[in-house]
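model.tsv follows (TSV, C-alpha atoms and all ligand atoms):
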chain	number	residue	atom	x	y	z
M	1	MET	CA	-12.34	10.33	86.47
M	2	LYS	CA	-12.89	7.34	88.71
M	3	ARG	CA	-16.18	5.65	87.92
M	4	ILE	CA	-18.36	4.01	90.54
M	5	TYR	CA	-20.86	1.39	89.44
M	6	LEU	CA	-23.92	1.17	91.70
M	7	ASP	CA	-26.34	-0.46	89.26
M	8	HIS	CA	-25.76	-4.18	89.90
M	9	ALA	CA	-29.47	-4.98	89.60
M	10	ALA	CA	-29.18	-4.02	85.91
M	11	THR	CA	-26.13	-6.16	85.27
M	12	THR	CA	-22.73	-7.04	86.75
M	13	ALA	CA	-19.17	-7.25	85.47
M	14	VAL	CA	-18.09	-10.77	84.65
M	15	ASP	CA	-15.80	-12.07	87.39
M	16	ARG	CA	-12.24	-12.56	86.10
M	17	GLU	CA	-12.21	-16.14	87.37
M	18	VAL	CA	-15.39	-16.74	85.38
M	19	VAL	CA	-13.78	-15.34	82.22
M	20	GLN	CA	-10.72	-17.59	82.72
M	21	THR	CA	-12.97	-20.62	83.16
M	22	MET	CA	-14.87	-19.80	79.96
M	23	LEU	CA	-11.93	-19.12	77.64
M	24	PRO	CA	-10.93	-22.70	76.70
M	25	TYR	CA	-14.53	-23.40	75.67
M	26	PHE	CA	-14.25	-20.94	72.78
M	27	THR	CA	-11.06	-22.24	71.23
M	28	GLU	CA	-10.19	-25.71	72.53
M	29	THR	CA	-13.27	-27.46	73.85
M	30	TYR	CA	-15.53	-26.09	71.14
M	31	GLY	CA	-17.36	-29.27	70.23
M	32	ASN	CA	-21.11	-29.59	69.78
M	33	ALA	CA	-22.42	-31.28	72.92
M	34	SER	CA	-24.63	-33.51	70.73
M	35	SER	CA	-21.71	-34.91	68.69
M	36	LEU	CA	-20.65	-38.48	69.38
M	37	HIS	CA	-16.87	-37.98	68.95
M	38	SER	CA	-14.42	-36.89	71.63
M	39	PHE	CA	-14.91	-33.17	70.88
M	40	GLY	CA	-18.61	-33.60	71.51
M	41	ARG	CA	-18.01	-35.68	74.62
M	42	ASP	CA	-15.76	-33.00	76.12
M	43	ALA	CA	-18.44	-30.37	75.54
M	44	ARG	CA	-21.09	-32.71	76.93
M	45	ASN	CA	-19.05	-33.36	80.06
M	46	ALA	CA	-18.71	-29.62	80.65
M	47	LEU	CA	-22.46	-29.18	80.09
M	48	ASN	CA	-23.33	-31.97	82.55
M	49	ALA	CA	-20.93	-30.66	85.20
M	50	SER	CA	-22.38	-27.14	84.82
M	51	ARG	CA	-25.92	-28.46	85.12
M	52	GLN	CA	-24.97	-30.23	88.36
M	53	THR	CA	-23.34	-27.06	89.75
M	54	VAL	CA	-26.38	-24.88	89.05
M	55	ALA	CA	-28.69	-27.60	90.43
M	56	ASP	CA	-26.62	-27.81	93.63
M	57	ALA	CA	-26.82	-24.03	94.10
M	58	LEU	CA	-30.64	-24.31	94.06
M	59	GLY	CA	-31.10	-27.54	95.99
M	60	ALA	CA	-32.33	-29.23	92.80
M	61	GLN	CA	-31.34	-32.28	90.75
M	62	ALA	CA	-29.31	-31.87	87.57
M	63	ASN	CA	-32.11	-33.24	85.36
M	64	GLU	CA	-34.39	-30.47	86.65
M	65	ILE	CA	-32.27	-27.65	85.17
M	66	ILE	CA	-32.88	-26.34	81.63
M	67	PHE	CA	-30.35	-23.83	80.32
M	68	THR	CA	-31.88	-20.86	78.48
M	69	SER	CA	-30.77	-17.54	77.03
M	70	GLY	CA	-31.50	-15.70	80.29
M	71	GLY	CA	-34.08	-14.68	82.83
M	72	THR	CA	-36.54	-13.40	80.24
M	73	GLU	CA	-36.61	-16.68	78.35
M	74	SER	CA	-36.89	-18.67	81.57
M	75	ASP	CA	-39.88	-16.56	82.64
M	76	ASN	CA	-41.50	-16.97	79.20
M	77	LEU	CA	-40.90	-20.71	79.22
M	78	ALA	CA	-42.46	-21.08	82.66
M	79	LEU	CA	-45.55	-19.00	81.94
M	80	LYS	CA	-46.24	-20.02	78.34
M	81	GLY	CA	-45.17	-23.58	79.02
M	82	VAL	CA	-48.06	-24.15	81.41
M	83	GLY	CA	-50.41	-24.23	78.45
M	84	LYS	CA	-53.77	-23.48	80.00
M	85	GLY	CA	-55.73	-22.13	82.94
M	86	HIS	CA	-55.85	-19.05	85.16
M	87	ILE	CA	-52.59	-17.42	86.32
M	88	ILE	CA	-52.06	-15.52	89.56
M	89	THR	CA	-49.13	-13.11	89.71
M	90	SER	CA	-48.23	-9.90	91.52
M	91	SER	CA	-48.52	-6.30	90.38
M	92	ILE	CA	-44.78	-5.64	90.85
M	93	GLU	CA	-43.28	-8.37	88.67
M	94	HIS	CA	-40.44	-7.74	86.21
M	95	PRO	CA	-41.58	-6.88	82.65
M	96	ALA	CA	-40.47	-10.38	81.61
M	97	ILE	CA	-43.43	-11.69	83.63
M	98	LEU	CA	-45.90	-8.81	83.23
M	99	SER	CA	-45.54	-8.50	79.45
M	100	THR	CA	-45.83	-12.26	79.08
M	101	CYS	CA	-49.00	-12.20	81.18
M	102	ARG	CA	-50.45	-9.39	79.02
M	103	TYR	CA	-49.62	-11.45	75.92
M	104	LEU	CA	-51.37	-14.48	77.41
M	105	GLU	CA	-54.39	-12.32	78.32
M	106	ASP	CA	-54.53	-11.14	74.69
M	107	HIS	CA	-54.69	-14.82	73.79
M	108	GLY	CA	-57.64	-15.54	76.01
M	109	ARG	CA	-55.98	-16.50	79.28
M	110	GLU	CA	-57.17	-15.07	82.56
M	111	VAL	CA	-54.61	-13.41	84.85
M	112	THR	CA	-55.07	-11.99	88.36
M	113	TYR	CA	-52.56	-9.41	89.60
M	114	VAL	CA	-52.46	-9.45	93.41
M	115	PRO	CA	-51.57	-6.11	95.04
M	116	VAL	CA	-48.69	-5.40	97.43
M	117	ASP	CA	-48.60	-3.37	100.63
M	118	SER	CA	-46.69	-0.09	101.00
M	119	ASP	CA	-43.44	-2.02	101.58
M	120	GLY	CA	-43.94	-3.99	98.37
M	121	MET	CA	-44.93	-7.19	100.13
M	122	VAL	CA	-47.43	-9.68	98.70
M	123	ASP	CA	-49.87	-11.09	101.27
M	124	PRO	CA	-50.12	-14.90	100.82
M	125	VAL	CA	-53.77	-14.60	101.93
M	126	ASP	CA	-54.48	-12.49	98.81
M	127	VAL	CA	-52.84	-15.15	96.66
M	128	GLU	CA	-54.97	-17.88	98.22
M	129	SER	CA	-58.19	-15.82	97.82
M	130	ALA	CA	-57.45	-15.35	94.11
M	131	ILE	CA	-57.40	-19.10	93.45
M	132	THR	CA	-60.28	-20.38	91.29
M	133	ASP	CA	-61.15	-23.85	90.00
M	134	ASP	CA	-59.36	-22.88	86.80
M	135	THR	CA	-56.06	-21.70	88.38
M	136	THR	CA	-53.06	-23.65	87.12
M	137	LEU	CA	-50.11	-21.39	87.97
M	138	ILE	CA	-49.00	-18.89	90.59
M	139	SER	CA	-45.97	-16.77	89.68
M	140	VAL	CA	-44.60	-14.40	92.34
M	141	MET	CA	-41.04	-13.10	92.18
M	142	HIS	CA	-38.61	-13.93	94.97
M	143	ALA	CA	-37.03	-10.47	95.25
M	144	ASN	CA	-38.03	-7.32	93.41
M	145	ASN	CA	-35.49	-5.77	91.05
M	146	GLU	CA	-36.43	-2.16	91.83
M	147	ILE	CA	-37.03	-2.06	95.57
M	148	GLY	CA	-35.39	-5.31	96.71
M	149	THR	CA	-38.37	-6.52	98.76
M	150	ILE	CA	-38.18	-10.28	99.40
M	151	GLN	CA	-41.52	-12.09	99.11
M	152	PRO	CA	-42.74	-14.90	101.38
M	153	VAL	CA	-42.25	-17.45	98.61
M	154	SER	CA	-42.18	-20.51	100.89
M	155	GLU	CA	-45.65	-19.66	102.19
M	156	ILE	CA	-46.98	-18.95	98.71
M	157	GLY	CA	-45.40	-22.21	97.52
M	158	SER	CA	-47.09	-24.20	100.22
M	159	ILE	CA	-50.47	-22.63	99.38
M	160	ALA	CA	-49.94	-23.61	95.74
M	161	LYS	CA	-49.00	-27.12	96.79
M	162	ASP	CA	-52.12	-27.48	99.01
M	163	HIS	CA	-54.29	-26.53	96.02
M	164	GLY	CA	-52.42	-28.68	93.50
M	165	ILE	CA	-51.33	-25.58	91.56
M	166	LEU	CA	-47.87	-24.99	90.10
M	167	PHE	CA	-45.71	-22.30	91.71
M	168	HIS	CA	-43.14	-20.35	89.68
M	169	THR	CA	-40.80	-17.71	91.07
M	170	ASP	CA	-38.51	-15.29	89.26
M	171	ALA	CA	-35.37	-15.56	91.40
M	172	VAL	CA	-33.13	-13.56	89.05
M	173	GLN	CA	-32.38	-10.91	91.70
M	174	SER	CA	-32.31	-13.15	94.75
M	175	PHE	CA	-30.04	-15.88	93.33
M	176	GLY	CA	-26.66	-15.50	95.01
M	177	LYS	CA	-28.00	-12.97	97.50
M	178	THR	CA	-30.46	-15.03	99.53
M	179	GLU	CA	-30.59	-18.73	100.38
M	180	ILE	CA	-32.61	-20.69	97.84
M	181	ASN	CA	-33.73	-24.27	98.17
M	182	VAL	CA	-36.44	-25.25	95.73
M	183	ARG	CA	-37.47	-28.29	97.77
M	184	LYS	CA	-37.76	-26.54	101.13
M	185	MET	CA	-39.50	-23.56	99.51
M	186	ASN	CA	-42.13	-25.62	97.62
M	187	ILE	CA	-41.06	-24.22	94.26
M	188	ASP	CA	-42.02	-26.02	91.02
M	189	LEU	CA	-40.46	-23.60	88.54
M	190	LEU	CA	-37.71	-21.04	89.14
M	191	SER	CA	-35.94	-18.58	86.82
M	192	VAL	CA	-32.32	-17.46	87.20
M	193	SER	CA	-29.96	-15.42	85.03
M	194	SER	CA	-26.18	-15.45	84.76
M	195	HIS	CA	-25.42	-11.77	84.14
M	196	LYS	CA	-26.88	-10.67	87.48
M	197	ILE	CA	-24.40	-12.87	89.38
M	198	TYR	CA	-21.09	-11.88	87.73
M	199	GLY	CA	-21.53	-14.35	84.89
M	200	PRO	CA	-21.81	-13.70	81.13
M	201	LYS	CA	-24.92	-12.22	79.49
M	202	GLY	CA	-27.27	-14.30	77.36
M	203	VAL	CA	-27.49	-17.35	79.57
M	204	GLY	CA	-29.82	-18.43	82.36
M	205	ALA	CA	-31.78	-21.40	83.56
M	206	LEU	CA	-35.25	-22.59	84.42
M	207	TYR	CA	-35.62	-25.13	87.21
M	208	ILE	CA	-38.51	-27.47	86.38
M	209	ARG	CA	-39.38	-29.82	89.23
M	210	LYS	CA	-39.30	-33.44	88.19
M	211	GLY	CA	-42.76	-34.51	87.06
M	212	VAL	CA	-43.92	-31.02	86.06
M	213	GLU	CA	-45.08	-30.96	82.43
M	214	ILE	CA	-44.07	-27.89	80.44
M	215	GLU	CA	-44.46	-27.16	76.72
M	216	PRO	CA	-41.20	-25.98	75.11
M	217	LEU	CA	-40.94	-22.61	73.32
M	218	MET	CA	-38.17	-23.70	70.97
M	219	HIS	CA	-38.57	-26.69	68.69
M	220	GLY	CA	-35.73	-28.36	66.83
M	221	GLY	CA	-33.16	-30.95	67.87
M	222	GLY	CA	-33.85	-32.53	71.22
M	223	HIS	CA	-31.45	-30.38	73.26
M	224	GLU	CA	-32.00	-29.76	76.97
M	225	MET	CA	-34.13	-32.88	77.40
M	226	GLY	CA	-36.41	-31.68	74.58
M	227	MET	CA	-37.23	-28.50	76.50
M	228	ARG	CA	-35.06	-26.04	74.58
M	229	ALA	CA	-33.76	-26.82	71.13
M	230	SER	CA	-30.57	-25.14	69.83
M	231	THR	CA	-26.91	-26.06	70.18
M	232	GLU	CA	-25.94	-25.34	73.77
M	233	ASN	CA	-23.93	-22.19	74.53
M	234	ILE	CA	-21.16	-24.11	76.30
M	235	PRO	CA	-18.84	-21.15	77.11
M	236	GLY	CA	-21.80	-19.21	78.51
M	237	ILE	CA	-23.15	-22.16	80.47
M	238	VAL	CA	-19.71	-22.99	81.90
M	239	GLY	CA	-19.31	-19.33	82.88
M	240	PHE	CA	-22.76	-19.24	84.46
M	241	ALA	CA	-21.97	-22.38	86.50
M	242	LYS	CA	-18.66	-20.90	87.65
M	243	ALA	CA	-20.43	-17.70	88.68
M	244	ALA	CA	-23.04	-19.75	90.56
M	245	SER	CA	-20.40	-21.74	92.44
M	246	LEU	CA	-18.53	-18.53	93.35
M	247	ALA	CA	-21.82	-17.05	94.61
M	248	VAL	CA	-22.32	-20.09	96.87
M	249	GLU	CA	-18.69	-20.02	98.04
M	250	ARG	CA	-18.70	-16.29	98.80
M	251	PHE	CA	-22.27	-16.11	100.07
M	252	GLU	CA	-21.56	-15.14	103.69
M	253	GLN	CA	-18.71	-12.83	102.83
M	254	ASP	CA	-20.74	-11.11	100.08
M	255	THR	CA	-23.82	-10.77	102.30
M	256	ARG	CA	-21.79	-9.16	105.08
M	257	HIS	CA	-20.00	-6.84	102.65
M	258	LEU	CA	-23.15	-5.74	100.81
M	259	THR	CA	-25.24	-5.31	103.96
M	260	GLY	CA	-22.50	-3.17	105.50
M	261	LEU	CA	-22.22	-0.89	102.48
M	262	LYS	CA	-25.99	-0.64	102.01
M	263	ASP	CA	-26.57	0.28	105.66
M	264	MET	CA	-23.74	2.80	105.49
M	265	LEU	CA	-25.26	4.37	102.37
M	266	ILE	CA	-28.81	4.56	103.73
M	267	ALA	CA	-27.76	5.89	107.13
M	268	GLY	CA	-25.36	8.37	105.56
M	269	VAL	CA	-27.99	9.74	103.18
M	270	MET	CA	-30.63	9.99	105.91
M	271	ASP	CA	-28.15	11.82	108.15
M	272	SER	CA	-27.07	14.38	105.61
M	273	ILE	CA	-30.22	15.01	103.56
M	274	ASP	CA	-33.75	15.91	104.71
M	275	ASP	CA	-36.95	14.50	103.26
M	276	VAL	CA	-35.56	11.17	102.10
M	277	THR	CA	-37.61	7.96	102.30
M	278	LEU	CA	-36.52	4.36	101.78
M	279	ASN	CA	-38.69	2.62	99.16
M	280	GLY	CA	-39.39	-1.04	99.85
M	281	HIS	CA	-39.33	-3.14	102.99
M	282	PRO	CA	-37.07	-1.93	105.83
M	283	THR	CA	-35.72	-5.41	106.67
M	284	GLU	CA	-37.07	-8.00	104.22
M	285	ARG	CA	-34.96	-6.71	101.36
M	286	LEU	CA	-31.94	-7.68	99.30
M	287	PRO	CA	-28.64	-6.92	101.04
M	288	ASN	CA	-27.49	-4.74	98.13
M	289	ASN	CA	-30.56	-2.60	97.40
M	290	ALA	CA	-31.09	0.97	98.59
M	291	ASN	CA	-33.97	2.58	96.70
M	292	LEU	CA	-34.32	6.11	98.04
M	293	ARG	CA	-36.92	8.77	97.38
M	294	PHE	CA	-35.72	12.38	97.50
M	295	ALA	CA	-38.62	14.81	97.85
M	296	PHE	CA	-38.67	17.83	95.48
M	297	VAL	CA	-36.11	16.33	93.10
M	298	GLU	CA	-36.37	14.81	89.60
M	299	GLY	CA	-34.77	11.38	89.72
M	300	GLU	CA	-33.53	11.72	86.15
M	301	SER	CA	-31.73	14.99	86.96
M	302	LEU	CA	-30.21	13.39	90.04
M	303	LEU	CA	-29.10	10.40	87.97
M	304	LEU	CA	-27.46	12.63	85.35
M	305	HIS	CA	-25.69	14.77	87.96
M	306	LEU	CA	-24.37	11.63	89.67
M	307	ASP	CA	-23.29	10.32	86.26
M	308	MET	CA	-21.29	13.53	85.72
M	309	LYS	CA	-19.48	12.65	88.95
M	310	GLY	CA	-18.83	9.14	87.63
M	311	ILE	CA	-21.50	7.48	89.77
M	312	ALA	CA	-23.85	5.07	87.96
M	313	VAL	CA	-27.31	4.58	89.48
M	314	SER	CA	-30.79	3.92	88.13
M	315	THR	CA	-34.22	5.48	88.42
M	316	GLY	CA	-35.99	2.15	88.30
M	317	SER	CA	-35.45	-0.95	86.29
M	318	ALA	CA	-33.07	-0.78	83.36
M	319	CYS	CA	-35.82	-2.37	81.32
M	320	SER	CA	-38.23	0.53	81.68
M	321	SER	CA	-35.87	3.48	82.12
M	322	ALA	CA	-36.25	4.36	78.44
M	323	SER	CA	-39.77	5.54	79.25
M	324	LEU	CA	-40.54	8.32	81.68
M	325	ASP	CA	-43.71	6.61	82.90
M	326	PRO	CA	-43.69	6.33	86.67
M	327	SER	CA	-42.44	2.94	87.85
M	328	HIS	CA	-45.26	0.38	88.05
M	329	VAL	CA	-43.57	-0.98	91.18
M	330	LEU	CA	-43.54	2.34	93.06
M	331	LEU	CA	-47.11	3.04	91.88
M	332	ALA	CA	-48.16	-0.33	93.33
M	333	LEU	CA	-46.73	0.73	96.72
M	334	GLY	CA	-49.26	3.58	96.69
M	335	ILE	CA	-46.70	6.35	96.19
M	336	ALA	CA	-48.08	9.42	94.39
M	337	PRO	CA	-46.78	9.73	90.80
M	338	GLU	CA	-45.23	13.15	91.52
M	339	ASP	CA	-43.27	11.65	94.43
M	340	ILE	CA	-42.18	8.57	92.50
M	341	HIS	CA	-40.06	10.64	90.14
M	342	GLY	CA	-37.62	11.52	92.90
M	343	SER	CA	-36.59	7.90	93.43
M	344	ILE	CA	-33.10	6.54	92.80
M	345	ARG	CA	-32.02	2.91	92.98
M	346	PHE	CA	-28.55	2.16	94.26
M	347	THR	CA	-27.65	-1.52	93.88
M	348	LEU	CA	-24.27	-2.49	95.29
M	349	GLY	CA	-21.93	-5.23	94.20
M	350	ARG	CA	-19.07	-7.40	95.32
M	351	GLY	CA	-16.47	-4.95	94.00
M	352	ASN	CA	-17.79	-1.79	95.70
M	353	THR	CA	-15.81	-0.33	98.59
M	354	GLU	CA	-16.45	1.83	101.65
M	355	SER	CA	-14.43	4.63	100.11
M	356	GLU	CA	-16.75	4.61	97.07
M	357	ILE	CA	-19.77	4.96	99.37
M	358	ARG	CA	-18.01	7.77	101.25
M	359	TYR	CA	-17.52	9.56	97.92
M	360	VAL	CA	-21.23	9.17	97.09
M	361	LEU	CA	-22.13	10.55	100.51
M	362	GLU	CA	-19.79	13.46	99.89
M	363	VAL	CA	-21.26	14.54	96.53
M	364	LEU	CA	-24.94	13.62	96.96
M	365	PRO	CA	-26.03	16.29	99.49
M	366	GLU	CA	-24.64	19.05	97.30
M	367	ILE	CA	-26.37	17.75	94.17
M	368	VAL	CA	-29.70	17.32	95.96
M	369	GLY	CA	-29.30	20.79	97.48
M	370	LYS	CA	-28.70	22.38	94.06
M	371	LEU	CA	-31.63	20.57	92.45
M	372	ARG	CA	-33.95	21.53	95.28
M	373	ALA	CA	-32.84	25.16	95.06
M	374	ILE	CA	-34.10	25.33	91.46
M	375	SER	CA	-37.13	23.09	92.03
M	376	PRO	CA	-40.58	24.69	91.79
M	377	LEU	CA	-41.81	21.81	93.96
M	378	ALA	CA	-39.58	22.70	96.91
M	379	GLY	CA	-41.47	25.94	97.33
M	380	GLY	CA	-38.38	27.61	98.66
M	401	LIG	C1	-32.81	-8.91	84.89
M	401	LIG	C2	-34.08	-9.56	85.28
M	401	LIG	C3	-34.75	-10.41	84.39
M	401	LIG	C4	-34.29	-10.62	82.96
M	401	LIG	O1	-33.13	-11.41	82.89
M	401	LIG	P1	-32.31	-11.41	81.51
M	401	LIG	O2	-31.27	-12.47	81.73
M	401	LIG	O3	-31.72	-10.04	81.38
M	401	LIG	O4	-33.26	-11.76	80.43
M	401	LIG	C5	-35.90	-11.04	84.82
M	401	LIG	N1	-36.37	-10.84	86.07
M	401	LIG	C6	-35.75	-10.05	86.95
M	401	LIG	C7	-36.31	-9.90	88.33
M	401	LIG	C8	-34.59	-9.36	86.58
M	401	LIG	O5	-34.00	-8.55	87.46
Write the structure described by the file as structure tokens, please.
Ligand SMILES: *Cc1c(COP(=O)(O)O)cnc(C)c1O
Amino acid sequence: MKRIYLDHAATTAVDREVVQTMLPYFTETYGNASSLHSFGRDARNALNASRQTVADALGAQANEIIFTSGGTESDNLALKGVGKGHIITSSIEHPAILSTCRYLEDHGREVTYVPVDSDGMVDPVDVESAITDDTTLISVMHANNEIGTIQPVSEIGSIAKDHGILFHTDAVQSFGKTEINVRKMNIDLLSVSSHKIYGPKGVGALYIRKGVEIEPLMHGGGHEMGMRASTENIPGIVGFAKAASLAVERFEQDTRHLTGLKDMLIAGVMDSIDDVTLNGHPTERLPNNANLRFAFVEGESLLLHLDMKGIAVSTGSACSSASLDPSHVLLALGIAPEDIHGSIRFTLGRGNTESEIRYVLEVLPEIVGKLRAISPLAGG
């Protein structure tokens, strides 16, 4: 059976060009980037070039990029690294932010969770009203991983700047899919991850604006300018940088491709199935995200039936799909818990085709029809 992967917000396949770029760094250029001999120098050169590439993709300087083990570590480093004071974040953040905030609350820190509107949008006015004399950090994600809503981060960044407060954004989902410039957007700290942009898993970065003081999480040798001890994962970092440069190179082409497929999917579903609602913002959303709510249907059943047809989707974030609790993101939009369960997230990728979307549109109405026929909720 042909399999169709529509879960790119969970992870992506590593681009073949990225794999090719990484390979020599396992077997030939395997030196420790801290070593003084030529093996070490070669590794160090690759590390420096990668740092420059990732910095360029974000509008940053190379010495402002710290390589980490991924988005989760970058988020932890940003939040825990600002050692004191009140934090303002949003109610729809990724668990990497929300769980870290809960941990910090357990350790005596104060956190305010600003709400979102029914499209999943944070109001910068709410962020500004939450500021107290003790506020040191605002952390609002750039684009949401479940519903794709893109937040007004530039505005929030400029509010933070006016109040002399640091602004962090989790840009794991938006990196490669929206334009990012940390200078223009008033961003002090920004998290990115490689495996969401066709790079390898287990590598990411935190942008730390020059002059911003952050406490490291990892102590040891002075790697990553003292910010993250441990021998650098050169193959991973080189692969991440290659993936970032491909994302920049293919940005317009990818955006056009993804937007086309997403619009085709949404319109096709709305045309062929009744009682479907788009979760998230109608326009201010990632070009590859279609989160759809099917009334009178269990999302998990829908997911499993699609899986039997070879189609991979998600009912929320991969990180919380092990639990059947309603998505905290959809709850924050004000959707009733019984309605939330009928939501499915389709996230498209560079490799998806129109014919794959046509196949989805072919099988989906029948599956939804069958599930509704046996649903006590449908009342029919
Ligand atoms: C995937 C994701 C993360 C976690 O990144 P990892 O590299 O898997 O640790 C953090 N934030 C968002 C918004 C994500 O989508």
Would you tabulate, counting all atoms listed in the file, all residues of chain M that have an atom at most 8 Å from an atom of ligand LIG 401 (chain M), showing the closest pair of atoms and their distance in Å to one decimal, sorted by chain then ascending number, as a tab-separated table?
residue	atom	partner	partner_atom	distance
M:Ala9	CA	M:LIG401	O5	6.2
M:Ala10	CA	M:LIG401	C1	6.2
M:Thr11	CA	M:LIG401	C1	7.2
M:Ser69	CA	M:LIG401	O2	6.9
M:Gly70	CA	M:LIG401	O2	3.5
M:Gly71	CA	M:LIG401	O1	3.4
M:Thr72	CA	M:LIG401	O4	3.7
M:Glu73	CA	M:LIG401	O4	6.3
M:Ser74	CA	M:LIG401	O4	7.9
M:Asp75	CA	M:LIG401	C5	7.1
M:Glu93	CA	M:LIG401	C7	7.1
M:His94	CA	M:LIG401	N1	5.1
M:Pro95	CA	M:LIG401	C5	7.4
M:Ala96	CA	M:LIG401	C5	5.6
M:Ile97	CA	M:LIG401	N1	7.5
M:Met141	CA	M:LIG401	C7	6.9
M:Ala143	CA	M:LIG401	C7	7.0
M:Asn144	CA	M:LIG401	C7	6.0
M:Asn145	CA	M:LIG401	O5	4.8
M:Asp170	CA	M:LIG401	N1	5.9
M:Ala171	CA	M:LIG401	C7	6.5
M:Val172	CA	M:LIG401	C6	4.9
M:Gln173	CA	M:LIG401	O5	5.1
M:Ser191	CA	M:LIG401	N1	7.8
M:Val192	CA	M:LIG401	O1	7.5
M:Ser193	CA	M:LIG401	O2	4.6
M:Ser194	CA	M:LIG401	O2	6.6
M:His195	CA	M:LIG401	O2	6.4
M:Lys196	CA	M:LIG401	C1	6.7
M:Lys201	CA	M:LIG401	O2	6.7
M:Gly202	CA	M:LIG401	O2	6.2
M:Val203	CA	M:LIG401	O2	6.5
M:Gly204	CA	M:LIG401	O2	6.2
M:Ser317	CA	M:LIG401	O5	7.8
Shortest interatomic distance to M:Ala205 - which of M:Phe167, M:His305, M:Gly334, M:Leu58, counting only C-alpha atoms
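Closest to M:Ala205 of all the choices is M:Leu58.
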Using only the atoms of stretch 281-289 of chain M listed in the file, plus 4 Å on each side, state the axis-aligned box centre and edge lengths in Å rounded to one decimal, as JSON.
{"center_x": -33.4, "center_y": -5.0, "center_z": 102.0, "size_x": 19.8, "size_y": 14.1, "size_z": 17.3}
Give me, as a PyMOL selection string, all polymer residues having an atom no more than 7 Å from M:Ser90, counting all atoms listed in the file and skipping those fewer than 4 positions away in the same chain.
chain M and resi 113-115+140
Out of M:Asn48, M:Thr27, M:Ser35, M:Asn76, which residue has the shortest atom-to-atom distance to M:Ile214 when counting only C-alpha atoms?
M:Asn76
Pick from M:Leu6, M:Val238, M:Met270, M:Val14: nearest to M:Thr347, with only C-alpha atoms counted?
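When distances to M:Thr347 are compared using only C-alpha atoms, the smallest one comes from M:Leu6.
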Env of M:Gly226: 12 Å cut, atoms = all atoms listed in the file, seq-sep filter 2 positions within chain, self excluded. Answer as a list in words.
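Selected residues are Asn63, Ile66, Phe67, Glu213, Ile214, Glu215, Pro216, Leu217, Met218, His219, Gly220, Gly221, Gly222, His223, Glu224, Arg228, Ala229, Ser230 and Thr231 of chain M.
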Between atom CA of M:Thr135 and atom CA of M:Val111, what is the spacing in Å?
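Those two atoms sit 9.1 Å apart.
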Mind pulling up the distance from atom CA of M:Gly157 to atom CA of M:Glu179?
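If I compute the distance from atom CA of M:Glu179 to atom CA of M:Gly157, I get 15.5 Å.
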Identify which of the residues M:Leu331, M:Val18, M:Leu348, M:Val297 lies closest to M:Ala312, counting all atoms listed in the file when measuring atom-to-atom distances.
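Answer, going by the shortest atom-to-atom distance: M:Leu348.
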Selected residue of minimal separation from M:Ile335 among M:Met1, M:Ile131, M:Ala295, M:Ile237, counting all atoms listed in the file
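With all atoms listed in the file as the atom set, the closest residue is M:Ala295.
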Would you mind telling me which residue in M:Ile367, M:Ile197, M:Leu246, M:Ile187 lies nearest to M:Thr12 when using only C-alpha atoms?
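Looking only at the distances to M:Thr12, the closest residue turns out to be M:Ile197.
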Report, in Å to a single decimal, how far apart atom CA of M:Arg209 and atom CA of M:Thr149 are.
25.2 Å
